[in-house]
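Asker: My file is data-v1.cif. It has mmCIF, C-alpha atoms (C1' of nucleotides):
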data_query
loop_
_atom_site.label_atom_id
_atom_site.label_comp_id
_atom_site.auth_asym_id
_atom_site.auth_seq_id
_atom_site.Cartn_x
_atom_site.Cartn_y
_atom_site.Cartn_z
CA MET R 14 42.35 29.90 20.11
CA LYS R 15 39.69 27.75 21.58
CA SER R 16 41.87 26.22 24.30
CA ILE R 17 42.87 29.57 25.67
CA ASP R 18 39.27 30.64 25.66
CA LEU R 19 38.26 27.62 27.67
CA GLN R 20 40.98 28.17 30.17
CA ARG R 21 39.99 31.74 30.75
CA ARG R 22 36.31 31.14 30.92
CA TYR R 23 36.17 30.28 34.59
CA ARG R 24 38.97 32.36 35.98
CA ASP R 25 36.32 33.79 38.29
CA PRO R 26 33.37 31.44 38.73
CA ILE R 27 31.19 34.15 40.17
CA ALA R 28 31.85 36.55 37.32
CA GLU R 29 30.93 33.70 35.00
CA ALA R 30 27.70 33.02 36.87
CA ARG R 31 26.81 36.67 36.67
CA ARG R 32 27.36 36.65 32.94
CA GLN R 33 24.99 33.72 32.67
CA TRP R 34 22.39 35.50 34.73
CA ILE R 35 22.52 38.50 32.45
CA VAL R 36 22.46 36.40 29.29
CA HIS R 37 19.28 34.77 30.51
CA GLY R 38 17.62 38.09 31.16
CA TRP R 39 17.80 38.12 34.92
CA SER R 40 19.85 41.29 35.18
CA ASP R 41 17.87 42.60 38.10
CA ALA R 42 18.79 39.58 40.13
CA ALA R 43 22.39 39.39 38.96
CA PRO R 44 23.99 41.64 41.59
CA GLY R 45 22.12 39.81 44.33
CA MET R 46 23.09 36.44 42.93
CA ALA R 47 26.73 37.49 42.73
CA ALA R 48 26.65 38.93 46.24
CA VAL R 49 25.05 35.83 47.75
CA THR R 50 27.43 33.53 45.93
CA THR R 51 30.35 35.61 47.13
CA LEU R 52 29.01 35.57 50.66
CA VAL R 53 28.58 31.82 50.59
CA ARG R 54 32.04 31.24 49.24
CA ALA R 55 33.75 33.66 51.61
CA HIS R 56 31.90 32.02 54.46
CA GLN R 57 33.11 28.61 53.35
CA VAL R 58 36.71 29.76 53.00
CA ILE R 59 36.85 31.49 56.35
CA ILE R 60 35.08 28.74 58.26
CA SER R 61 37.50 26.21 56.77
CA ARG R 62 40.42 28.22 57.99
CA ILE R 63 38.97 28.44 61.46
CA GLU R 64 38.11 24.74 61.61
CA ALA R 65 41.63 23.86 60.50
CA GLU R 66 43.08 26.02 63.24
CA LEU R 67 40.79 24.55 65.88
CA ALA R 68 41.13 20.90 64.92
CA PRO R 69 44.48 20.49 66.72
CA VAL R 70 42.89 21.47 70.03
CA GLY R 71 39.94 19.17 69.41
CA LEU R 72 37.29 21.79 68.84
CA THR R 73 34.99 22.80 66.04
CA PHE R 74 33.88 26.40 65.55
CA ALA R 75 30.41 25.63 66.90
CA ARG R 76 31.85 24.17 70.07
CA PHE R 77 34.37 26.97 70.39
CA GLU R 78 31.57 29.51 70.31
CA ILE R 79 29.84 27.78 73.18
CA LEU R 80 32.98 27.60 75.28
CA ARG R 81 33.76 31.22 74.49
CA LEU R 82 30.29 32.27 75.59
CA LEU R 83 30.61 30.32 78.84
CA GLY R 84 34.04 31.83 79.35
CA PHE R 85 32.58 35.30 79.24
CA SER R 86 29.82 34.57 81.72
CA ARG R 87 30.38 35.35 85.40
CA ARG R 88 30.14 31.84 86.76
CA GLY R 89 31.37 30.11 83.63
CA SER R 90 27.93 28.63 83.22
CA LEU R 91 24.72 29.31 81.33
CA PRO R 92 21.40 27.57 80.72
CA MET R 93 21.11 25.70 77.42
CA GLY R 94 18.36 28.03 76.29
CA LYS R 95 20.47 31.13 76.82
CA ILE R 96 23.29 29.64 74.82
CA GLY R 97 21.10 29.00 71.82
CA GLU R 98 19.55 32.41 72.11
CA ARG R 99 22.81 34.35 72.21
CA LEU R 100 24.53 32.31 69.55
CA GLN R 101 21.34 32.28 67.51
CA VAL R 102 21.31 28.58 66.87
CA HIS R 103 18.59 25.98 67.16
CA PRO R 104 18.12 24.34 70.59
CA ALA R 105 18.85 20.96 69.06
CA SER R 106 22.20 22.22 67.84
CA VAL R 107 23.08 23.34 71.34
CA THR R 108 22.15 19.95 72.77
CA SER R 109 24.31 18.26 70.18
CA ALA R 110 27.38 20.44 70.69
CA VAL R 111 27.15 20.46 74.46
CA LYS R 112 26.86 16.70 74.50
CA ARG R 113 30.21 16.42 72.73
CA LEU R 114 31.83 19.05 74.93
CA GLU R 115 30.69 17.08 77.95
CA ARG R 116 31.94 13.85 76.42
CA ASP R 117 35.35 15.50 76.04
CA GLY R 118 35.35 16.65 79.64
CA LEU R 119 35.31 20.35 78.81
CA LEU R 120 32.08 21.16 80.60
CA ARG R 121 29.40 19.49 82.67
CA ARG R 122 25.66 19.72 82.64
CA THR R 123 23.64 20.13 85.82
CA ALA R 124 19.99 20.73 86.49
CA SER R 125 19.04 24.17 87.70
CA PRO R 126 18.16 24.17 91.42
CA GLU R 127 15.20 26.48 90.86
CA ASP R 128 13.72 24.92 87.75
CA ASN R 129 14.26 21.33 86.85
CA ARG R 130 13.46 21.89 83.21
CA ILE R 131 16.54 24.03 82.89
CA VAL R 132 19.91 22.46 82.17
CA ILE R 133 22.99 24.47 82.97
CA ALA R 134 26.22 23.98 81.09
CA GLU R 135 29.25 24.75 83.22
CA LEU R 136 32.81 25.17 82.05
CA LEU R 137 35.32 22.81 83.67
CA PRO R 138 39.01 23.61 84.19
CA ALA R 139 39.97 21.53 81.16
CA GLY R 140 37.44 23.49 79.15
CA ARG R 141 38.93 26.75 80.31
CA ALA R 142 42.39 25.68 79.25
CA THR R 143 41.22 24.49 75.86
CA LEU R 144 39.27 27.68 75.42
CA ASP R 145 42.30 29.84 76.13
CA GLU R 146 44.39 28.02 73.58
CA ALA R 147 41.56 28.00 71.04
CA THR R 148 40.97 31.71 71.45
CA ILE R 149 44.59 32.44 70.66
CA ARG R 150 44.34 30.36 67.52
CA VAL R 151 41.09 31.84 66.31
CA ASN R 152 42.32 35.35 66.97
CA ARG R 153 45.27 34.71 64.69
CA ILE R 154 42.77 34.23 61.88
CA PHE R 155 40.66 37.20 62.87
CA GLU R 156 43.76 39.37 62.70
CA ASP R 157 44.63 38.23 59.24
CA LEU R 158 41.46 37.93 57.19
CA GLY R 159 42.54 39.74 54.07
CA PRO R 160 40.51 42.95 54.08
CA ASP R 161 42.03 45.58 56.37
CA PRO R 162 40.25 46.80 59.53
CA ASP R 163 38.52 49.69 57.76
CA GLN R 164 37.20 47.38 55.13
CA LEU R 165 36.00 44.99 57.76
CA GLU R 166 34.03 47.77 59.39
CA HIS R 167 32.55 48.58 56.05
CA LEU R 168 31.61 44.96 55.52
CA ILE R 169 29.85 44.89 58.87
CA GLU R 170 27.90 48.00 57.90
CA LEU R 171 26.92 46.63 54.53
CA LEU R 172 25.50 43.48 56.10
CA ALA R 173 23.75 45.31 58.91
CA PRO R 174 20.51 45.64 56.90
CA VAL R 175 20.35 41.88 56.61
CA ARG R 176 20.79 41.37 60.31
CA ARG R 177 18.37 44.17 61.04
CA ALA R 178 15.72 42.57 58.83
CA ALA R 179 16.21 39.37 60.78
CA GLY R 180 15.52 41.23 64.00
CA ASP R 181 19.03 40.83 65.35
CA ILE R 182 19.49 44.49 66.03
CA VAL R 183 16.96 46.01 68.39
CA GLU R 184 16.84 49.76 68.48
CA MET K 11 17.75 49.80 86.87
CA LYS K 12 19.24 46.43 86.48
CA SER K 13 16.41 45.06 84.38
CA ILE K 14 16.73 47.75 81.77
CA ASP K 15 20.43 47.20 81.67
CA LEU K 16 19.96 43.53 81.01
CA GLN K 17 17.49 44.16 78.28
CA ARG K 18 19.73 46.55 76.47
CA ARG K 19 22.86 44.55 76.83
CA TYR K 20 22.24 42.33 73.86
CA ARG K 21 20.34 44.56 71.52
CA ASP K 22 23.12 43.74 69.06
CA PRO K 23 24.85 40.46 69.92
CA ILE K 24 27.79 41.22 67.67
CA ALA K 25 28.40 44.63 69.19
CA GLU K 26 28.32 42.89 72.57
CA ALA K 27 30.82 40.28 71.45
CA ARG K 28 33.11 42.98 70.18
CA ARG K 29 32.93 44.74 73.50
CA GLN K 30 33.96 41.51 75.20
CA TRP K 31 36.84 41.06 72.82
CA ILE K 32 38.14 44.52 73.62
CA VAL K 33 37.64 44.11 77.36
CA HIS K 34 39.77 40.99 77.24
CA GLY K 35 42.57 42.76 75.43
CA TRP K 36 42.07 41.29 71.99
CA SER K 37 41.44 44.61 70.26
CA ASP K 38 43.51 43.66 67.25
CA ALA K 39 41.27 40.71 66.58
CA ALA K 40 38.01 42.47 67.40
CA PRO K 41 37.22 43.86 63.93
CA GLY K 42 37.93 40.47 62.38
CA MET K 43 35.82 38.69 64.96
CA ALA K 44 32.95 41.09 64.39
CA ALA K 45 33.26 40.77 60.63
CA VAL K 46 33.35 36.98 60.69
CA THR K 47 30.43 36.81 63.09
CA THR K 48 28.50 39.17 60.87
CA LEU K 49 29.35 37.14 57.82
CA VAL K 50 28.27 33.92 59.49
CA ARG K 51 25.00 35.40 60.65
CA ALA K 52 24.19 37.08 57.32
CA HIS K 53 24.95 33.80 55.60
CA GLN K 54 22.60 31.97 57.91
CA VAL K 55 19.80 34.49 57.42
CA ILE K 56 20.05 34.56 53.65
CA ILE K 57 20.39 30.82 53.24
CA SER K 58 17.32 30.34 55.43
CA ARG K 59 15.33 32.64 53.21
CA ILE K 60 16.43 30.78 50.12
CA GLU K 61 15.71 27.38 51.60
CA ALA K 62 12.26 28.53 52.65
CA GLU K 63 11.56 29.74 49.14
CA LEU K 64 12.81 26.52 47.57
CA ALA K 65 11.14 24.07 49.93
CA PRO K 66 7.75 24.32 48.17
CA VAL K 67 9.30 23.10 44.91
CA GLY K 68 11.11 20.30 46.70
CA LEU K 69 14.63 21.63 46.38
CA THR K 70 17.39 22.72 48.71
CA PHE K 71 19.88 25.39 47.75
CA ALA K 72 22.62 22.81 47.18
CA ARG K 73 20.43 20.88 44.78
CA PHE K 74 19.23 24.03 43.08
CA GLU K 75 22.81 25.01 42.35
CA ILE K 76 23.44 21.72 40.65
CA LEU K 77 20.31 21.94 38.52
CA ARG K 78 21.13 25.54 37.66
CA LEU K 79 24.60 24.55 36.54
CA LEU K 80 23.25 21.73 34.40
CA GLY K 81 20.67 24.09 32.97
CA PHE K 82 23.40 26.41 31.76
CA SER K 83 25.40 23.66 30.10
CA ARG K 84 24.87 22.98 26.41
CA ARG K 85 23.57 19.44 26.68
CA GLY K 86 22.05 19.83 30.10
CA SER K 87 24.63 17.44 31.41
CA LEU K 88 27.99 17.51 33.14
CA PRO K 89 30.38 15.02 34.74
CA MET K 90 30.23 14.76 38.52
CA GLY K 91 33.74 16.07 38.81
CA LYS K 92 33.00 19.22 36.85
CA ILE K 93 30.01 19.94 39.02
CA GLY K 94 32.03 19.82 42.20
CA GLU K 95 34.76 21.87 40.64
CA ARG K 96 32.56 24.70 39.42
CA LEU K 97 30.41 24.84 42.52
CA GLN K 98 33.49 24.42 44.67
CA VAL K 99 32.10 21.68 46.82
CA HIS K 100 33.55 18.35 47.89
CA PRO K 101 33.00 15.39 45.54
CA ALA K 102 31.15 13.53 48.26
CA SER K 103 28.69 16.40 48.53
CA VAL K 104 28.00 16.19 44.83
CA THR K 105 27.40 12.46 45.04
CA SER K 106 24.99 13.01 47.90
CA ALA K 107 22.99 15.79 46.24
CA VAL K 108 22.87 14.14 42.83
CA LYS K 109 21.64 10.95 44.40
CA ARG K 110 18.63 12.79 45.78
CA LEU K 111 17.99 14.66 42.55
CA GLU K 112 17.97 11.33 40.77
CA ARG K 113 15.69 9.84 43.39
CA ASP K 114 13.26 12.70 42.71
CA GLY K 115 13.41 12.11 38.97
CA LEU K 116 14.99 15.47 38.16
CA LEU K 117 18.10 14.08 36.52
CA ARG K 118 19.71 10.81 35.62
CA ARG K 119 23.22 9.49 35.89
CA THR K 120 24.96 7.69 33.06
CA ALA K 121 28.48 6.45 32.54
CA SER K 122 30.60 8.38 30.09
CA PRO K 123 31.09 6.48 26.81
CA GLU K 124 34.75 7.47 26.61
CA ASP K 125 35.77 6.95 30.19
CA ASN K 126 34.01 4.55 32.47
CA ARG K 127 35.25 6.23 35.58
CA ILE K 128 33.25 9.33 34.73
CA VAL K 129 29.61 9.65 35.73
CA ILE K 130 27.52 12.17 33.87
CA ALA K 131 24.52 13.86 35.47
CA GLU K 132 21.89 14.81 32.93
CA LEU K 133 18.90 17.07 33.45
CA LEU K 134 15.51 15.45 32.74
CA PRO K 135 12.42 17.37 31.59
CA ALA K 136 10.99 17.31 35.10
CA GLY K 137 14.25 18.74 36.35
CA ARG K 138 14.11 21.52 33.79
CA ALA K 139 10.61 22.47 34.87
CA THR K 140 11.51 22.44 38.54
CA LEU K 141 14.61 24.46 37.77
CA ASP K 142 12.63 27.15 35.95
CA GLU K 143 10.25 27.57 38.82
CA ALA K 144 13.03 27.46 41.39
CA THR K 145 15.03 30.10 39.52
CA ILE K 146 12.09 32.48 39.60
CA ARG K 147 11.75 31.97 43.32
CA VAL K 148 15.42 32.40 44.09
CA ASN K 149 15.65 35.47 41.92
CA ARG K 150 12.93 37.09 43.98
CA ILE K 151 15.25 36.86 46.94
CA PHE K 152 18.28 38.05 45.00
CA GLU K 153 16.33 41.12 43.97
CA ASP K 154 15.40 41.98 47.51
CA LEU K 155 18.35 41.33 49.76
CA GLY K 156 18.39 44.52 51.75
CA PRO K 157 21.53 46.32 50.59
CA ASP K 158 20.99 48.12 47.27
CA PRO K 159 22.82 47.10 44.07
CA ASP K 160 25.70 49.50 44.62
CA GLN K 161 26.23 48.19 48.09
CA LEU K 162 26.10 44.65 46.81
CA GLU K 163 28.88 45.45 44.36
CA HIS K 164 30.85 46.92 47.17
CA LEU K 165 30.30 43.81 49.24
CA ILE K 166 31.58 41.67 46.42
CA GLU K 167 34.70 43.82 46.17
CA LEU K 168 35.34 43.69 49.89
CA LEU K 169 35.24 39.92 49.92
CA ALA K 170 37.31 39.53 46.78
CA PRO K 171 40.58 39.34 48.75
CA VAL K 172 39.26 36.33 50.61
CA ARG K 173 38.31 34.55 47.41
CA ARG K 174 41.57 35.55 45.83
CA ALA K 175 43.55 34.12 48.72
CA ALA K 176 41.66 30.88 48.25
CA GLY K 177 42.73 30.79 44.62
CA ASP K 178 39.24 31.31 43.24
CA ILE K 179 40.24 34.19 41.06
CA VAL K 180 42.94 33.48 38.54
CA GLU K 181 44.53 36.47 36.92
"C1'" DC L 19 -6.44 21.03 94.09
"C1'" DG L 20 -6.58 19.06 89.54
"C1'" DG L 21 -5.83 19.60 84.82
"C1'" DC L 22 -4.37 22.02 80.73
"C1'" DA L 23 -1.17 25.29 78.67
"C1'" DA L 24 3.34 26.97 78.38
"C1'" DT L 25 8.25 26.23 78.77
"C1'" DA L 26 12.84 23.87 78.37
"C1'" DC L 27 15.27 20.21 76.53
"C1'" DT L 28 16.21 16.09 74.05
"C1'" DT L 29 15.35 12.86 70.41
"C1'" DT L 30 14.67 11.63 65.79
"C1'" DG L 31 15.02 12.23 61.00
"C1'" DA L 32 16.46 14.51 56.73
"C1'" DT L 33 20.22 17.22 54.65
"C1'" DG L 34 24.61 19.05 53.95
"C1'" DT L 35 29.82 19.32 54.58
"C1'" DC L 36 34.44 17.48 54.61
"C1'" DA L 37 38.19 13.87 55.23
"C1'" DA L 38 39.78 9.50 54.49
"C1'" DA L 39 39.36 5.01 52.70
"C1'" DA L 40 37.68 1.94 49.26
"C1'" DG L 41 36.66 0.66 44.49
"C1'" DA L 42 37.01 0.86 39.60
"C1'" DA L 43 39.07 2.18 35.41
"C1'" DA L 44 42.50 4.39 32.62
"C1'" DT L 45 47.40 5.41 31.91
"C1'" DC L 46 52.21 5.25 32.48
"C1'" DC L 47 56.32 3.19 32.04
"C1'" DC L 48 59.80 -0.43 32.27
"C1'" DG N 19 52.29 -6.83 28.32
"C1'" DG N 20 51.59 -6.02 32.93
"C1'" DG N 21 52.31 -4.06 37.35
"C1'" DA N 22 52.39 0.61 39.53
"C1'" DT N 23 50.26 4.93 39.63
"C1'" DT N 24 46.84 8.28 38.88
"C1'" DT N 25 42.15 9.68 38.37
"C1'" DC N 26 37.13 9.69 39.30
"C1'" DT N 27 33.46 8.47 42.16
"C1'" DT N 28 31.28 6.42 46.01
"C1'" DT N 29 31.21 4.93 50.74
"C1'" DT N 30 31.80 5.61 55.49
"C1'" DG N 31 32.16 8.30 59.49
"C1'" DA N 32 32.04 12.49 62.33
"C1'" DC N 33 29.69 16.87 62.79
"C1'" DA N 34 26.51 20.55 62.04
"C1'" DT N 35 21.79 22.47 61.16
"C1'" DC N 36 16.85 22.74 61.39
"C1'" DA N 37 11.99 20.98 62.01
"C1'" DA N 38 8.91 18.34 64.42
"C1'" DA N 39 7.71 15.18 67.86
"C1'" DG N 40 8.33 13.52 72.55
"C1'" DT N 41 9.26 14.14 77.64
"C1'" DA N 42 9.40 16.59 81.88
"C1'" DT N 43 8.28 20.39 84.73
"C1'" DT N 44 6.27 24.48 86.03
"C1'" DG N 45 2.48 27.57 86.30
"C1'" DC N 46 -1.91 29.30 86.11
"C1'" DC N 47 -6.87 29.04 86.29
"C1'" DG N 48 -11.38 27.49 87.40
#
With the file now loaded, output its structure as structure tokens.

Answerer:
Amino acid sequence: MKSIDLQRRYRDPIAEARRQWIVHGWSDAAPGMAAVTTLVRAHQVIISRIEAELAPVGLTFARFEILRLLGFSRRGSLPMGKIGERLQVHPASVTSAVKRLERDGLLRRTASPEDNRIVIAELLPAGRATLDEATIRVNRIFEDLGPDPDQLEHLIELLAPVRRAAGDIVE
Amino acid sequence: MKSIDLQRRYRDPIAEARRQWIVHGWSDAAPGMAAVTTLVRAHQVIISRIEAELAPVGLTFARFEILRLLGFSRRGSLPMGKIGERLQVHPASVTSAVKRLERDGLLRRTASPEDNRIVIAELLPAGRATLDEATIRVNRIFEDLGPDPDQLEHLIELLAPVRRAAGDIVE
DNA sequence: CGGCAATACTTTGATGTCAAAAGAAATCCC
DNA sequence: GGGATTTCTTTTGACATCAAAGTATTGCCG
């Protein structure tokens, strides 16, 4: 019956998109389309989970990543430029996130003594505490993603070519 | 020497992050962290490529997806709600993107004759032409992602559990 | 030493995302 | 019939991202 047909049609939106791609004669691009769409969706789902887990402690994932990076550094501080470089985000994004972290009293910004162009972001005690709690929360998600550890390793390997092409992996 | 050490330290930022995770005693979460970080980065790299390819035709990926969806529909038109549902994006995002597509003369919005709450987005000839060109461009990227087709299939399989958990796949 | 180039950040502007609230319009139900 | 409820979309607000322009500083070179 028609109604059943309609119900079943989109039981997997990506499979449906792939069918469309093939119907239109773009078979060569179909696997790539399906893979990118899957990647985009998985990204969306996982980021949502993380954001939901971080919201109660007043952080976003972007801000968590900055705190986490500062937490790993020896003095709990890093220049803005270094932050953007290691997290691979645009300088303007760093400025924006750090501004909010400062507003919330989690870190402070100071000028570098040696070079006045450089701004150093430094973790404050409140930031350290928030970071500890946030890390626990985020790790809960990392430990329960769906694919098992072996599959996660495989996933990392499969995407390595993409990161390599972007110059992320120097060898 | 110290300098060499420093240079090598971040030849793969994700491997470095994983090392930190393990050092801090979060080994159980390390594979998940590495996988999520990889996913986020691969997403960023691929989306950038697509955006760069679409910019010359005046589209973003979000807008392309809407045009593509309309292009597949029988009448070249769909209600706003359906668009958000099939592309799995928030209604407000659909409103925002469709507004710009209308501004650029690629589609038009009309009220549904049966139900005045429903707004229907309808592809215009200019939109069809832009869509055709955009599809060619995007397909070029889909055909040359890095991983080969078999690996792409594998990737899709590995991420299926995540989509399934989100309720994307009904079975 | 003075000036121009390079470097480090911030600002501004355009987009995109989601949540929550605000509006309409259709439907339900007493 | 008419108020309450549900549904569909838009608006508003907070954040994020990138590109490009603007500002400050440092550095190098003639």

Asker: Mind giving me the straight-line distance from atom C1' of N:DT29 to atom CA of K:Arg138 in Å, one decimal?

Answerer: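 If I compute the distance from atom C1' of N:DT29 to atom CA of K:Arg138, I get 29.2 Å.
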
Asker: Since I can't run it myself right now, could you work out what the PyMOL selection byres ((chain N) within 12 of (chain R)) selects here and report it as a ChimeraX atom specification?

Answerer: /N:32-38,41-45

Asker: Written as a PyMOL selection string, what is the full residue list that the PyMOL selection byres ((chain L) within 10 of (chain R)) yields on the file shown?

Answerer: chain L and resi 25-29+35-36

Asker: Could you list the residues in chain K lying within 9 Å of chain R, using all atoms listed in the file, and format the result as a PyMOL selection string?

Answerer: chain K and resi 18+20-23+30+36+38-46+48-53+55-57+82+96-98+148-166+168-173+175-176+178-181

Asker: Quick one, how far is atom CA of R:Ile35 from atom CA of K:Ala65?

Answerer: 25.4 Å

Asker: Of the candidates R:Leu91, R:Pro126, R:Lys112, R:Gly71, which shows the shortest atom-to-atom distance to R:Ala139, using only C-alpha atoms?

Answerer: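 Using only C-alpha atoms, R:Ala139 sits closest to R:Gly71.
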
Asker: Find the residues around K:Leu111 up to 9 Å (only C-alpha atoms (C1' of nucleotides) counted), leave out those fewer than 6 positions away in its own chain, and share them as a list in words.

Answerer: Leu69, Arg73, Leu77, Leu117, Arg118 and Gly137 of chain K

Asker: Just give me the gap between atom CA of K:Phe71 and atom CA of K:Arg147 in Å, one decimal is fine.

Answerer: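 Going from atom CA of K:Phe71 over to atom CA of K:Arg147 covers 11.4 Å.
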
Asker: Here's the selection I'm unsure about, the PyMOL selection byres ((chain L and resi 20) around 12); applied to the file above, which residues does it give, as a list in words?

Answerer: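 What the PyMOL selection byres ((chain L and resi 20) around 12) grabs from the file is DC19, DG21 and DC22 of chain L; DC46, DC47 and DG48 of chain N.
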
Asker: Could you check which of N:DG40, N:DG31, N:DG19, N:DT24 is closest to L:DT30, using only C-alpha atoms (C1' of nucleotides)?

Answerer: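 Of N:DG40, N:DG31, N:DG19, N:DT24, the one nearest L:DT30 is N:DG40, counting only C-alpha atoms (C1' of nucleotides).
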
Asker: Please determine, counting all atoms listed in the file, which residue among K:Ser122, K:Ile93, K:Val108, K:Leu134 has the shortest atom-to-atom distance to N:DT28.

Answerer: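 Of the candidates, the smallest distance to N:DT28 is held by K:Val108.
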